[in-house]
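File shown: query_12.txt (compact mmCIF, C-alpha atoms).
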```
# COMPACT_ATOMS: atom_id res chain seq x y z
CA MET W 133 0.00 0.00 0.00
CA VAL W 134 1.04 3.58 -0.67
CA ALA W 135 1.33 5.42 2.62
CA PRO W 136 -1.37 8.09 3.00
CA ALA W 137 -0.18 11.67 2.94
CA THR W 138 0.07 13.71 6.09
CA GLY W 139 0.83 17.36 6.68
CA THR W 140 0.12 20.41 8.74
CA ARG W 141 -2.57 23.03 8.53
CA ASN W 142 -2.30 26.36 10.34
CA GLY W 143 0.46 24.93 12.48
CA GLU W 144 -1.65 21.94 13.53
CA HIS W 145 -1.22 18.31 12.53
CA ALA W 146 -3.57 17.61 9.62
CA VAL W 147 -5.78 14.55 9.54
CA THR W 148 -4.32 11.73 7.46
CA LYS W 149 -6.19 11.32 4.18
CA LEU W 150 -7.48 7.79 3.91
CA ARG W 151 -6.43 6.29 0.58
CA PHE W 152 -7.12 2.94 -1.05
CA ASP W 153 -4.28 2.79 -3.57
CA ASP W 154 -3.55 -0.81 -4.64
CA ARG W 155 -6.73 -2.05 -2.94
CA VAL W 156 -9.56 -3.80 -4.78
CA ALA W 157 -13.12 -3.36 -3.57
CA VAL W 158 -16.39 -4.93 -4.62
CA VAL W 159 -19.58 -2.99 -3.98
CA THR W 160 -22.92 -4.69 -4.51
CA GLY W 161 -25.98 -2.67 -5.44
CA ALA W 162 -23.54 -0.08 -6.77
CA GLY W 163 -25.51 1.11 -9.76
CA ARG W 164 -27.64 3.67 -7.96
CA GLY W 165 -28.16 5.48 -4.68
CA ILE W 166 -25.96 4.67 -1.72
CA GLY W 167 -24.02 1.94 -3.54
CA ARG W 168 -23.15 4.31 -6.37
CA ALA W 169 -21.84 6.84 -3.83
CA HIS W 170 -19.75 4.10 -2.20
CA ALA W 171 -18.20 3.05 -5.49
CA LEU W 172 -17.42 6.61 -6.57
CA LEU W 173 -15.74 7.51 -3.29
CA LEU W 174 -13.62 4.36 -3.12
CA ALA W 175 -12.49 4.90 -6.72
CA ALA W 176 -11.74 8.57 -6.07
CA ARG W 177 -9.51 7.47 -3.17
CA GLY W 178 -7.53 5.08 -5.38
CA ALA W 179 -9.36 1.75 -5.15
CA ARG W 180 -10.07 -0.43 -8.16
CA VAL W 181 -13.77 -1.16 -7.93
CA VAL W 182 -16.12 -3.91 -9.05
CA VAL W 183 -19.46 -2.19 -9.58
CA ALA W 184 -21.94 -5.03 -9.06
CA ASP W 185 -25.60 -4.40 -9.81
CA PHE W 186 -28.39 -6.40 -11.44
CA GLY W 187 -30.42 -3.26 -12.07
CA VAL W 188 -33.64 -4.53 -10.54
CA ALA W 189 -36.73 -2.55 -9.66
CA ILE W 190 -37.09 -1.61 -6.03
CA ASP W 191 -39.09 -4.79 -5.29
CA GLY W 192 -36.43 -7.00 -6.87
CA THR W 193 -38.15 -7.61 -10.19
CA GLY W 194 -36.69 -7.08 -13.67
CA SER W 195 -33.08 -6.30 -14.54
CA ASP W 196 -31.05 -3.65 -16.35
CA SER W 197 -27.31 -3.61 -17.05
CA ASN W 198 -27.17 0.15 -17.61
CA PRO W 199 -26.88 1.34 -13.97
CA ALA W 200 -23.66 -0.61 -13.32
CA ALA W 201 -22.21 0.36 -16.69
CA ASP W 202 -23.04 4.01 -16.12
CA VAL W 203 -21.21 4.09 -12.76
CA VAL W 204 -18.17 2.42 -14.30
CA GLY W 205 -18.25 5.10 -16.99
CA GLU W 206 -18.28 7.83 -14.34
CA ILE W 207 -15.30 6.29 -12.56
CA VAL W 208 -13.26 5.79 -15.71
CA GLN W 209 -14.04 9.29 -16.93
CA ALA W 210 -12.71 10.64 -13.63
CA GLY W 211 -9.46 8.69 -14.09
CA GLY W 212 -10.26 5.69 -11.92
CA GLU W 213 -10.40 1.95 -12.54
CA ALA W 214 -13.60 -0.06 -12.40
CA VAL W 215 -15.41 -2.97 -13.98
CA ALA W 216 -19.13 -3.74 -14.08
CA CYS W 217 -20.57 -7.02 -12.84
CA PHE W 218 -24.15 -7.66 -13.90
CA ALA W 219 -24.97 -10.09 -11.10
CA ASP W 220 -28.02 -11.11 -9.08
CA VAL W 221 -26.77 -11.57 -5.52
CA SER W 222 -29.92 -13.50 -4.57
CA ASP W 223 -28.60 -16.25 -6.87
CA GLU W 224 -25.65 -18.12 -5.38
CA ALA W 225 -23.72 -18.29 -8.65
CA GLY W 226 -24.42 -14.64 -9.33
CA ALA W 227 -23.21 -13.58 -5.89
CA ALA W 228 -20.03 -15.63 -6.25
CA SER W 229 -19.35 -14.08 -9.66
CA VAL W 230 -18.87 -10.68 -8.02
CA VAL W 231 -15.69 -11.91 -6.34
CA THR W 232 -14.63 -13.86 -9.43
CA THR W 233 -14.85 -10.64 -11.43
CA ALA W 234 -12.50 -8.89 -9.00
CA LEU W 235 -9.97 -11.70 -9.18
CA GLU W 236 -10.06 -12.06 -12.94
CA ARG W 237 -9.88 -8.34 -13.66
CA PHE W 238 -7.68 -7.05 -10.84
CA GLY W 239 -5.99 -10.16 -9.43
CA ARG W 240 -7.02 -9.67 -5.81
CA ILE W 241 -9.77 -8.62 -3.42
CA ASP W 242 -9.37 -6.58 -0.25
CA ILE W 243 -12.78 -5.06 0.51
CA VAL W 244 -16.35 -6.31 0.31
CA VAL W 245 -19.16 -3.78 0.65
CA ASN W 246 -22.50 -5.61 0.81
CA ASN W 247 -24.99 -2.93 -0.13
CA ALA W 248 -27.44 -4.68 -2.47
CA GLY W 249 -31.00 -4.56 -1.24
CA ILE W 250 -34.66 -4.50 -2.20
CA HIS W 251 -37.75 -3.04 -0.58
CA ASP W 252 -41.28 -4.41 -0.55
CA PRO W 253 -43.20 -2.68 2.26
CA ALA W 254 -46.54 -3.94 3.50
CA LEU W 255 -48.28 -4.62 6.77
CA PHE W 256 -47.31 -7.93 8.37
CA PRO W 257 -50.62 -9.76 7.69
CA ASP W 258 -50.37 -8.80 4.01
CA LEU W 259 -46.83 -10.07 3.41
CA THR W 260 -46.47 -13.56 1.99
CA THR W 261 -43.87 -16.06 3.07
CA SER W 262 -42.29 -15.79 -0.36
CA GLN W 263 -41.88 -12.03 0.13
CA PHE W 264 -40.04 -12.65 3.39
CA ARG W 265 -37.81 -15.24 1.70
CA ARG W 266 -37.04 -12.93 -1.20
CA MET W 267 -35.98 -10.22 1.23
CA LEU W 268 -33.66 -12.64 3.01
CA ASP W 269 -32.30 -13.96 -0.28
CA VAL W 270 -31.08 -10.52 -1.30
CA HIS W 271 -30.09 -8.84 1.95
CA LEU W 272 -28.83 -11.79 3.98
CA PHE W 273 -27.86 -14.57 1.59
CA GLY W 274 -26.47 -12.12 -0.95
CA ALA W 275 -24.13 -10.82 1.75
CA ILE W 276 -23.33 -14.35 2.92
CA VAL W 277 -22.34 -15.72 -0.50
CA VAL W 278 -20.34 -12.68 -1.62
CA THR W 279 -18.48 -12.66 1.70
CA ARG W 280 -17.96 -16.42 1.73
CA SER W 281 -16.52 -16.24 -1.79
CA ALA W 282 -14.05 -13.57 -0.68
CA TRP W 283 -13.23 -15.19 2.67
CA PRO W 284 -10.53 -17.71 1.59
CA HIS W 285 -8.73 -14.95 -0.31
CA PHE W 286 -8.84 -12.74 2.77
CA VAL W 287 -7.50 -15.58 4.91
CA ARG W 288 -4.61 -16.25 2.52
CA ALA W 289 -3.74 -12.56 2.46
CA GLY W 290 -4.11 -12.18 6.22
CA TYR W 291 -6.26 -9.13 5.56
CA GLY W 292 -9.80 -8.17 4.62
CA ARG W 293 -12.45 -5.56 5.24
CA ILE W 294 -16.18 -6.31 5.19
CA VAL W 295 -18.74 -3.52 5.38
CA ASN W 296 -22.34 -4.72 5.52
CA THR W 297 -25.49 -2.62 5.35
CA CYS W 298 -27.86 -2.73 8.29
CA SER W 299 -30.70 -0.35 9.01
CA GLU W 300 -32.31 1.41 11.93
CA ALA W 301 -35.46 -0.38 10.76
CA MET W 302 -34.12 -3.52 12.46
CA LEU W 303 -34.74 -1.74 15.78
CA GLY W 304 -38.43 -1.25 14.98
CA GLY W 305 -40.49 1.92 14.87
CA ILE W 306 -40.96 2.20 11.10
CA PRO W 307 -44.28 0.96 9.70
CA GLU W 308 -44.74 -1.78 7.09
CA LEU W 309 -41.16 -3.06 7.32
CA THR W 310 -41.35 -6.39 9.13
CA SER W 311 -39.73 -8.29 6.24
CA TYR W 312 -37.05 -5.66 5.63
CA ALA W 313 -36.32 -5.23 9.35
CA ALA W 314 -36.05 -8.98 9.85
CA ALA W 315 -33.55 -9.25 7.00
CA LYS W 316 -31.46 -6.35 8.29
CA GLY W 317 -31.51 -7.79 11.81
CA ALA W 318 -30.09 -10.99 10.34
CA VAL W 319 -27.33 -8.98 8.64
CA PHE W 320 -26.52 -7.42 12.01
CA GLY W 321 -26.08 -10.88 13.57
CA LEU W 322 -23.99 -11.98 10.60
CA THR W 323 -21.74 -8.95 10.94
CA ARG W 324 -21.12 -9.48 14.63
CA THR W 325 -20.21 -13.13 14.22
CA LEU W 326 -18.02 -12.53 11.19
CA ALA W 327 -16.13 -10.02 13.33
CA LEU W 328 -15.44 -12.73 15.87
CA GLU W 329 -14.35 -15.37 13.37
CA GLY W 330 -12.29 -13.01 11.24
CA THR W 331 -10.12 -11.62 14.01
CA ALA W 332 -7.53 -14.41 13.82
CA HIS W 333 -7.11 -13.80 10.08
CA GLY W 334 -6.79 -10.02 10.03
CA ILE W 335 -10.37 -9.66 8.77
CA ALA W 336 -12.63 -6.96 10.21
CA ALA W 337 -16.39 -6.89 9.71
CA ASN W 338 -18.51 -3.84 10.46
CA ALA W 339 -21.72 -2.32 9.16
CA ILE W 340 -23.38 0.97 8.42
CA ALA W 341 -26.99 1.94 9.03
CA PRO W 342 -27.58 4.61 6.38
CA ARG W 343 -29.91 7.57 6.60
CA ALA W 344 -30.49 8.55 2.99
CA TYR W 345 -33.32 9.39 0.64
CA THR W 346 -33.23 6.77 -2.13
CA ARG W 347 -35.67 4.75 -4.21
CA MET W 348 -35.95 2.43 -1.22
CA SER W 349 -36.76 5.02 1.43
CA ALA W 350 -39.07 6.89 -0.93
CA SER W 351 -41.45 3.93 -0.93
CA SER W 352 -41.90 4.25 2.86
CA SER W 353 -41.72 8.03 3.11
CA ASP W 354 -45.46 8.69 3.06
CA ALA W 355 -46.23 5.99 5.64
CA LEU W 356 -43.53 7.30 7.97
CA ALA W 357 -44.74 10.89 7.62
CA GLU W 358 -48.26 9.77 8.48
CA GLN W 359 -47.03 7.84 11.53
CA LEU W 360 -45.10 10.88 12.75
CA GLY W 361 -47.92 13.29 11.93
CA MET W 362 -45.51 15.20 9.73
CA PRO W 363 -46.83 17.42 6.90
CA LYS W 364 -45.67 16.38 3.43
CA GLU W 365 -43.74 19.59 2.86
CA VAL W 366 -41.77 19.04 6.07
CA MET W 367 -41.04 15.42 5.10
CA ASP W 368 -39.86 16.67 1.71
CA GLN W 369 -37.39 18.98 3.47
CA VAL W 370 -36.13 16.08 5.59
CA ASN W 371 -35.67 13.92 2.50
CA ALA W 372 -33.77 16.70 0.72
CA ALA W 373 -31.29 16.76 3.62
CA MET W 374 -30.49 13.05 3.14
CA PRO W 375 -28.48 12.66 -0.10
CA PRO W 376 -26.90 9.19 -0.48
CA ASP W 377 -23.34 10.52 -0.84
CA MET W 378 -23.37 11.58 2.82
CA CYS W 379 -23.32 7.88 3.80
CA ALA W 380 -20.16 7.02 1.86
CA PRO W 381 -17.56 8.52 4.26
CA GLY W 382 -18.65 6.17 7.06
CA MET W 383 -18.35 3.20 4.73
CA ALA W 384 -14.91 4.34 3.57
CA TYR W 385 -13.63 4.64 7.14
CA LEU W 386 -14.81 1.12 8.00
CA ALA W 387 -13.28 -0.21 4.76
CA HIS W 388 -9.87 1.32 5.41
CA GLU W 389 -6.87 -0.60 6.74
CA SER W 390 -6.42 1.91 9.56
CA CYS W 391 -9.90 1.27 11.00
CA ARG W 392 -9.60 -0.45 14.37
CA LEU W 393 -13.31 -1.23 14.77
CA ASN W 394 -14.68 -4.76 14.50
CA GLY W 395 -18.30 -5.80 14.91
CA GLU W 396 -19.60 -2.24 15.09
CA VAL W 397 -22.50 -0.50 13.38
CA LEU W 398 -22.21 3.16 12.48
CA GLN W 399 -25.35 5.16 11.78
CA VAL W 400 -24.35 7.42 8.91
CA GLY W 401 -25.85 10.13 6.75
CA MET W 402 -27.26 13.66 6.98
CA GLY W 403 -23.82 14.94 7.88
CA GLY W 404 -23.61 12.86 11.04
CA VAL W 405 -22.25 9.61 12.37
CA ALA W 406 -23.11 7.72 15.56
CA ARG W 407 -22.61 4.30 17.09
CA LEU W 408 -25.55 1.89 17.21
CA ALA W 409 -25.01 -0.65 19.95
CA VAL W 410 -26.77 -3.36 21.91
CA VAL W 411 -26.50 -2.81 25.64
CA ARG W 412 -27.04 -5.03 28.65
CA THR W 413 -28.46 -3.40 31.78
CA GLN W 414 -27.35 -4.23 35.30
CA GLY W 415 -30.60 -6.12 35.62
CA LEU W 416 -31.64 -8.27 38.55
CA THR W 417 -29.93 -11.30 40.04
CA LYS W 418 -31.79 -13.32 42.63
CA PRO W 419 -31.72 -17.00 43.61
CA GLY W 420 -35.03 -18.73 43.02
CA MET W 421 -36.27 -16.05 40.61
CA THR W 422 -40.04 -15.96 40.16
CA PRO W 423 -42.24 -14.14 37.64
CA GLU W 424 -43.38 -11.94 40.51
CA ASP W 425 -39.79 -10.90 41.26
CA ILE W 426 -39.47 -9.72 37.67
CA ALA W 427 -42.78 -7.88 37.79
CA ASP W 428 -41.86 -6.15 41.05
CA ASN W 429 -38.45 -5.06 39.73
CA ILE W 430 -39.12 -4.40 36.05
CA ASP W 431 -38.21 -0.70 36.23
CA ALA W 432 -34.81 -1.53 37.70
CA ILE W 433 -34.29 -4.30 35.15
CA LEU W 434 -34.96 -1.88 32.29
CA ASP W 435 -32.89 0.97 33.76
CA THR W 436 -29.97 1.69 31.39
CA THR W 437 -27.88 3.45 34.03
CA ASP W 438 -24.41 1.85 33.96
CA ALA W 439 -25.48 -0.45 31.12
CA GLN W 440 -22.67 -2.21 29.26
CA VAL W 441 -22.25 -2.48 25.49
CA THR W 442 -22.16 -6.13 24.50
CA ALA W 443 -18.92 -7.08 22.77
CA SER W 444 -18.70 -8.93 19.47
CA VAL W 445 -15.12 -10.05 20.10
CA LEU W 446 -13.81 -11.30 23.43
CA GLY W 447 -11.73 -8.64 25.11
CA ASP W 448 -13.59 -5.79 23.42
CA GLY W 449 -16.08 -3.74 25.11
```
Using structure tokens, write down the structure from this file.
Amino acid sequence: MVAPATGTRNGEHAVTKLRFDDRVAVVTGAGRGIGRAHALLLAARGARVVVADFGVAIDGTGSDSNPAADVVGEIVQAGGEAVACFADVSDEAGAASVVTTALERFGRIDIVVNNAGIHDPALFPDLTTSQFRRMLDVHLFGAIVVTRSAWPHFVRAGYGRIVNTCSEAMLGGIPELTSYAAAKGAVFGLTRTLALEGTAHGIAANAIAPRAYTRMSASSSDALAEQLGMPKEVMDQVNAAMPPDMCAPGMAYLAHESCRLNGEVLQVGMGGVARLAVVRTQGLTKPGMTPEDIADNIDAILDTTDAQVTASVLGDG
């Protein structure tokens, strides 16, 4: 790797610019929205990028090779290196081909950004089992197969960076998203366990939870505004403050070799970044616990004072 440049500014030590020279990254769902922003930023910072996108409609139907090709064109026009991969990550062979493309075109793989996703909002009683499975096929199994295909190459290199895409929806509170939230919750669990298993091999796995106005969020915007009692014009102003490119810096930090995080989720977008974490309260310990003991002490059990963040890797925390 080429060492990132450092310097001074107004007599103070300047922040090191995070570069990806000589690194190869694959970004799924990179033809539009957040994925496009990821691919453009990584390429602008020196990475060679596989722009993987099947060009589906927001519900996962259809296909179009133009989005991936267009992003590659943008990167090349700006002086970067990229190749398109017209792959359906919900298909095991398609997901594996994303990594194969990186190896055949660039000879290596260093970074996997699992961003591909679909959206099919509906109330829980109206969602079919097949809709739930389709959501898991894209969000969860797409991430699993792409990552598994890259894993042996990471192990041999003693290095790898995985950045998955979670969502605040997995925490609840957004209407009509039981299938989407369930899939993103599964990605969260995958990320945490990959972080544990990858540690011995120099592999780090983290995730982002983006806040951005995209085709996906647009389909839930009206329902969310109604739930919040927010006038449409106010919701439009909120959406305008959420461009997808504001999510890319958080991804780039997690994808960089200098990042020391593992098993973390960063909420990104709207010009901000925050940690999303699962905590464990001090709770209640009592021999011979009864349901009545829990009922009598439920406020203390739920009290987050002095709560501890659960670690994904032993020794962290």
| Counting all atoms listed in the file, the residue of W:Leu434, W:Val278, W:Cys217, W:Ala327 that sits nearest Val204 of chain W |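 Closest to Val204 of chain W, using all atoms listed in the file: W:Cys217.
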For Val188 of chain W, list every protein, DNA or RNA residue within 10 Å, evaluated using all atoms listed in the file, and leave out those in the same chain fewer than 6 positions away; present the list as a PDB file with C-alpha atoms, keeping the file's coordinate frame.
```
ATOM      1  CA  GLY W 161     -25.980  -2.670  -5.440  1.00  0.00           C
ATOM      2  CA  GLY W 163     -25.510   1.110  -9.760  1.00  0.00           C
ATOM      3  CA  GLY W 194     -36.690  -7.080 -13.670  1.00  0.00           C
ATOM      4  CA  SER W 195     -33.080  -6.300 -14.540  1.00  0.00           C
ATOM      5  CA  ASP W 196     -31.050  -3.650 -16.350  1.00  0.00           C
ATOM      6  CA  SER W 197     -27.310  -3.610 -17.050  1.00  0.00           C
ATOM      7  CA  PRO W 199     -26.880   1.340 -13.970  1.00  0.00           C
ATOM      8  CA  ASP W 220     -28.020 -11.110  -9.080  1.00  0.00           C
ATOM      9  CA  GLY W 249     -31.000  -4.560  -1.240  1.00  0.00           C
ATOM     10  CA  ILE W 250     -34.660  -4.500  -2.200  1.00  0.00           C
TER      11      ILE W 250
END
```
| task | Kindly give the distance, in Å, that separates atom CA of Val319 of chain W and atom CA of Ala227 of chain W, rounded to a single decimal. | result |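 Going from atom CA of Val319 of chain W over to atom CA of Ala227 of chain W, I get 15.8 Å.
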| said: From the options W:Val221, W:Ala432, W:Ile335, W:Val208, which residue's atoms come nearest to Ala289 of chain W, counting only C-alpha atoms? | reply: W:Ile335
| Can you find the residues with an atom no farther than 9 Å from (-23.8, 4.4, 18.1), counting only C-alpha atoms, and report them as an MDAnalysis selection string? | chainID W and resid 396:399 405:409
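Separating atom CA of Ala339 of chain W from atom CA of Thr323 of chain W is a distance of 6.9 Å.
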| task | Dump as a PyMOL selection string all residues having an atom at most 6 Å from (-16.0, -6.1, 2.0), computed in the file's coordinates with only C-alpha atoms. | result | chain W and resi 243-245+293-295
| request: Between W:Ala439, W:Val410, W:Val277, W:Ala162, single out the one closest to Gly187 of chain W, counting all atoms listed in the file. | output: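 Using all atoms listed in the file, the shortest distance to Gly187 of chain W belongs to W:Ala162.
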| request: Return the single residue from W:Leu235, W:Leu268, W:Ile276, W:Ile166 that is closest to Thr325 of chain W, with distances computed using only C-alpha atoms. | output: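 When distances to Thr325 of chain W are compared using only C-alpha atoms, the smallest one comes from W:Ile276.
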| message | Between atom CA of Ala189 of chain W and atom CA of Cys298 of chain W, what is the distance in Å, rounded to a tenth? | response |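 Answer for the atom CA of Ala189 of chain W to atom CA of Cys298 of chain W separation: 20.0 Å.
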| message | My list of candidates is W:Gly226, W:Ala175, W:Thr193, W:Asp425. Which is closest to Gln209 of chain W when distances are computed with all atoms listed in the file? | response |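 Looking at the shortest contact to Gln209 of chain W, the residue is W:Ala175.
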For segment 164-169 of chain W, I'd like the enclosing box, axis-aligned and padded by 8 Å on every side, reported as lines of an AutoDock Vina configuration file with centre and edge lengths in Å to one decimal.
```
center_x = -25.0
center_y = 4.4
center_z = -4.8
size_x = 22.3
size_y = 20.9
size_z = 22.2
```
| said: When you count all atoms listed in the file, which of these residues is closest to Ala225 of chain W: W:Pro381, W:Ile340, W:Phe273, W:Gly239? | reply: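 Among the listed residues, the smallest separation from Ala225 of chain W belongs to W:Phe273.
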